[in-house]
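Novice: Input: one structure, supplied below.
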Amino acid sequence: MRTVHAIQLLTLCAGISACNAAGHTLPDTPALAVEAAVAPATVGEIPLPAGYARIPQAPGTFGAWLRKMDLKKDHTVYLYDGRRKANQEAQYAVLDISVGNRDLQQCADAVMRLYAEYLYTSGKEQQIGFHATDGTWMDYASWRLGYRFVPQQGKLSKQRLAQPSTDRAGFMQYLQTVFAYAGTLSLSRELQTVAATREILPGDVFIRGGSPGHAVIVMDVARNTAGEKVFMLAQSYMPAQNIHVLKNPAAEGPWYPASFGGKLITPEWIFSQSELARFPG
């Protein structure tokens, strides 16, 4: 069962009108609205606001990997069971990555999926691991050796129950276990707080641990000659659904100003500046 995502998340701000009704003022940022002449095929091809350039990311880094993520031609967000998500106004684009057929790959799970996929495809499998909500360390290295994480007397127990396996099917089974027993609360404890949004980087995460809680990942960051930064976000949600690049409700494009002030208003959640965090290392 899910230990963190058991409560259905409420949609806080489904659009500009909902935010205004809640008393949240959306900044007027038309300069961040962009239109693509040709549909972008990857995150790194999503057009920038005028005057901005993507900040350099060294080859082999998480940020460089995120920019190479393929986008679907179909901008529809589907749930894990094949149904269309009710709110089709939140997404700017949809990542071409599987959602699975179980209600597991939700918000924090999507963040962990992307980070784990980066490590897996970069030959860094030994670094893959996440804590369960009960504190159990669920490392992929042990899983490859045949260990499994089994609930026992209210806590996960690490037991050797399977034959060693290094194939992708086993990797996906490992992730399903992580999604079942980890969530926003456990992930928020693993990440390191970023002191200020001016330090934001691709791969960072806005996260609120709890039930309900939510997490979105920073897919890309750009900067202009004045040093002002803008960033792009992606999320999954509840129920489990396609990971998608979010629109900025104030601009209708995908870019958010790093100088957003006290509240970061996304289409379906509101974060504070203090909720920006980063994977260690």
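Chain labels run A, B, ... following the order of the structure tokens; each chain numbers its residues from 1, and ligands are numbered from 1 in the order shown.
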Could you pull out all residues of range 182-233 of chain A with a DSSP call of alpha helix (DSSP H) and give them as a PyMOL selection string?

Specialist: chain A and resi 184-190

Novice: Give me the residues near Tyr140 in chain A as an MDAnalysis selection string, where near means some atom within 10 Å (using only C-alpha atoms) and where sequence neighbours in that chain fewer than 4 positions away do not count.

Specialist: chainID A and resid 116 120 125:130 144:148 166 170:171 174:175 178

Novice: Let me see the file: selected residues, N, CA and C atoms, as an mmCIF file, in the first residue's frame.

Specialist:
```cif
data_model
loop_
_atom_site.group_PDB
_atom_site.id
_atom_site.type_symbol
_atom_site.label_atom_id
_atom_site.label_comp_id
_atom_site.auth_asym_id
_atom_site.auth_seq_id
_atom_site.Cartn_x
_atom_site.Cartn_y
_atom_site.Cartn_z
ATOM 1 N N ALA A 116 16.647 8.047 -11.175
ATOM 2 C CA ALA A 116 17.109 6.660 -11.292
ATOM 3 C C ALA A 116 17.421 6.310 -12.742
ATOM 4 N N TYR A 120 20.898 4.988 -14.157
ATOM 5 C CA TYR A 120 20.884 3.672 -14.815
ATOM 6 C C TYR A 120 21.470 3.756 -16.219
ATOM 7 N N GLU A 125 24.748 2.648 -11.852
ATOM 8 C CA GLU A 125 23.733 1.862 -11.150
ATOM 9 C C GLU A 125 24.013 1.726 -9.660
ATOM 10 N N GLN A 126 25.281 1.717 -9.278
ATOM 11 C CA GLN A 126 25.632 1.537 -7.867
ATOM 12 C C GLN A 126 25.172 2.707 -7.001
ATOM 13 N N GLN A 127 24.848 3.824 -7.630
ATOM 14 C CA GLN A 127 24.404 4.998 -6.884
ATOM 15 C C GLN A 127 22.885 5.046 -6.704
ATOM 16 N N ILE A 128 22.163 4.120 -7.309
ATOM 17 C CA ILE A 128 20.703 4.160 -7.248
ATOM 18 C C ILE A 128 20.218 3.616 -5.913
ATOM 19 N N GLY A 129 19.458 4.418 -5.209
ATOM 20 C CA GLY A 129 18.886 3.990 -3.941
ATOM 21 C C GLY A 129 18.042 5.093 -3.338
ATOM 22 N N PHE A 130 16.978 4.705 -2.653
ATOM 23 C CA PHE A 130 16.077 5.664 -2.021
ATOM 24 C C PHE A 130 15.617 5.087 -0.689
ATOM 25 N N ARG A 144 19.748 -6.099 -7.398
ATOM 26 C CA ARG A 144 20.424 -6.846 -8.472
ATOM 27 C C ARG A 144 20.982 -8.177 -7.976
ATOM 28 N N LEU A 145 21.282 -8.242 -6.693
ATOM 29 C CA LEU A 145 21.823 -9.472 -6.106
ATOM 30 C C LEU A 145 20.731 -10.441 -5.666
ATOM 31 N N GLY A 146 19.471 -10.029 -5.802
ATOM 32 C CA GLY A 146 18.356 -10.902 -5.453
ATOM 33 C C GLY A 146 17.651 -10.544 -4.164
ATOM 34 N N TYR A 147 18.069 -9.454 -3.517
ATOM 35 C CA TYR A 147 17.394 -9.038 -2.287
ATOM 36 C C TYR A 147 16.090 -8.316 -2.621
ATOM 37 N N ARG A 148 15.095 -8.491 -1.763
ATOM 38 C CA ARG A 148 13.822 -7.817 -1.908
ATOM 39 C C ARG A 148 13.465 -7.142 -0.584
ATOM 40 N N THR A 166 20.231 -8.392 -13.706
ATOM 41 C CA THR A 166 20.689 -7.053 -14.079
ATOM 42 C C THR A 166 19.926 -6.493 -15.271
ATOM 43 N N GLY A 170 14.007 -6.206 -14.420
ATOM 44 C CA GLY A 170 14.258 -6.209 -12.987
ATOM 45 C C GLY A 170 14.395 -4.803 -12.434
ATOM 46 N N PHE A 171 15.013 -3.917 -13.204
ATOM 47 C CA PHE A 171 15.144 -2.517 -12.795
ATOM 48 C C PHE A 171 13.763 -1.878 -12.631
ATOM 49 N N TYR A 174 12.153 -3.083 -9.519
ATOM 50 C CA TYR A 174 12.737 -2.375 -8.377
ATOM 51 C C TYR A 174 12.068 -1.010 -8.191
ATOM 52 N N LEU A 175 11.907 -0.268 -9.289
ATOM 53 C CA LEU A 175 11.289 1.050 -9.187
ATOM 54 C C LEU A 175 9.849 0.968 -8.688
ATOM 55 N N VAL A 178 10.039 0.811 -5.035
ATOM 56 C CA VAL A 178 10.369 2.129 -4.494
ATOM 57 C C VAL A 178 9.133 3.021 -4.480
#
```

Novice: Interatomic distance between CA of Ser188 in chain A and CA of Lys155 in chain A?

Specialist: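 One can read the CA of Ser188 in chain A to CA of Lys155 in chain A distance as 19.5 Å.
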
Novice: Got a sec to tell me which of range 51-190 of chain A DSSP assigns to strand (DSSP E or B), as a ChimeraX atom specification?

Specialist: /A:52-54,70-71,78-79,84,91-95,129-131,137-139,147-152,155-160

Novice: Could you take the residues named above and write them with C-alpha atoms, as a tab-separated table (two decimals), in the first residue's frame?

Specialist:
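Generated output (part31.tsv):
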```
chain	number	residue	atom	x	y	z
A	52	TYR	CA	17.71	34.09	-22.59
A	53	ALA	CA	20.22	31.27	-23.13
A	54	ARG	CA	20.34	27.90	-21.39
A	70	ASP	CA	12.18	13.06	-25.64
A	71	LEU	CA	8.76	14.67	-25.85
A	78	TYR	CA	-3.14	9.99	-19.75
A	79	LEU	CA	-3.58	8.21	-16.45
A	84	ARG	CA	-7.47	11.00	-20.11
A	91	GLN	CA	0.77	20.76	-19.47
A	92	TYR	CA	2.93	22.44	-22.08
A	93	ALA	CA	4.41	19.14	-23.28
A	94	VAL	CA	4.49	15.46	-22.27
A	95	LEU	CA	7.66	13.45	-21.68
A	129	GLY	CA	18.89	3.99	-3.94
A	130	PHE	CA	16.08	5.66	-2.02
A	131	HIS	CA	14.80	5.52	1.53
A	137	TRP	CA	17.40	1.96	2.48
A	138	MET	CA	16.17	0.44	-0.77
A	139	ASP	CA	19.28	0.21	-2.92
A	147	TYR	CA	17.39	-9.04	-2.29
A	148	ARG	CA	13.82	-7.82	-1.91
A	149	PHE	CA	12.20	-5.36	0.49
A	150	VAL	CA	9.30	-7.08	2.21
A	151	PRO	CA	6.84	-5.62	4.75
A	152	GLN	CA	7.21	-7.41	8.06
A	155	LYS	CA	8.56	-2.23	8.62
A	156	LEU	CA	10.35	-3.32	5.49
A	157	SER	CA	12.73	-6.25	5.82
A	158	LYS	CA	15.58	-6.87	3.38
A	159	GLN	CA	15.55	-10.53	2.36
A	160	ARG	CA	17.30	-12.50	-0.37
```

Novice: Which of these residues is nearest to Ala58 in chain A, using only C-alpha atoms: A:Pro164, A:Gly210, A:Pro202, A:Gly281?

Specialist: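 The answer is A:Pro202, which sits nearest to Ala58 in chain A.
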
Novice: So that I can check the surroundings of range 232-239 of chain A, please list as a list in words every protein, DNA and RNA residue that reaches within 6 Å of it, counting only C-alpha atoms and ignoring chain neighbours fewer than 3 positions away.

Specialist: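 The residues satisfying every condition are Gln106, Cys107, Ala110, Val216, Ile217, Val218, Met219, Asp220, Ile243, His244, Val245, Leu246, Pro254 and Trp255 of chain A.
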
Novice: Which one is closest to Arg223 in chain A: A:Ala182, A:Ile270, A:Leu32, A:Ala39? Count only C-alpha atoms.

Specialist: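 With only C-alpha atoms as the atom set, the closest residue is A:Leu32.
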
Novice: Leaving out Val194 in chain A and any residue of its chain fewer than 3 positions from it, which residues lie within 7 Å of it when counting only C-alpha atoms, given as JSON, numbers by chain?

Specialist: {"A": [276, 277, 278]}

Novice: Would you compute the distance between CA of Ala108 in chain A and CA of Gln173 in chain A? Give it in Å to one decimal.

Specialist: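 Straight-line distance from CA of Ala108 in chain A to CA of Gln173 in chain A works out to 17.1 Å.
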
Novice: Looking at A:Ile46, A:Ala250, A:Val221, A:Ala169, which one is nearest to Leu264 in chain A, with distances taken over only C-alpha atoms?

Specialist: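 Checking each of A:Ile46, A:Ala250, A:Val221, A:Ala169 against Leu264 in chain A, counting only C-alpha atoms, the winner is A:Ala250.
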
Novice: Give me, as a PyMOL selection string, all polymer residues having an atom no more than 7 Å from Glu275 in chain A, counting only C-alpha atoms and skipping those fewer than 2 positions away in the same chain.

Specialist: chain A and resi 206-208+271-273+277
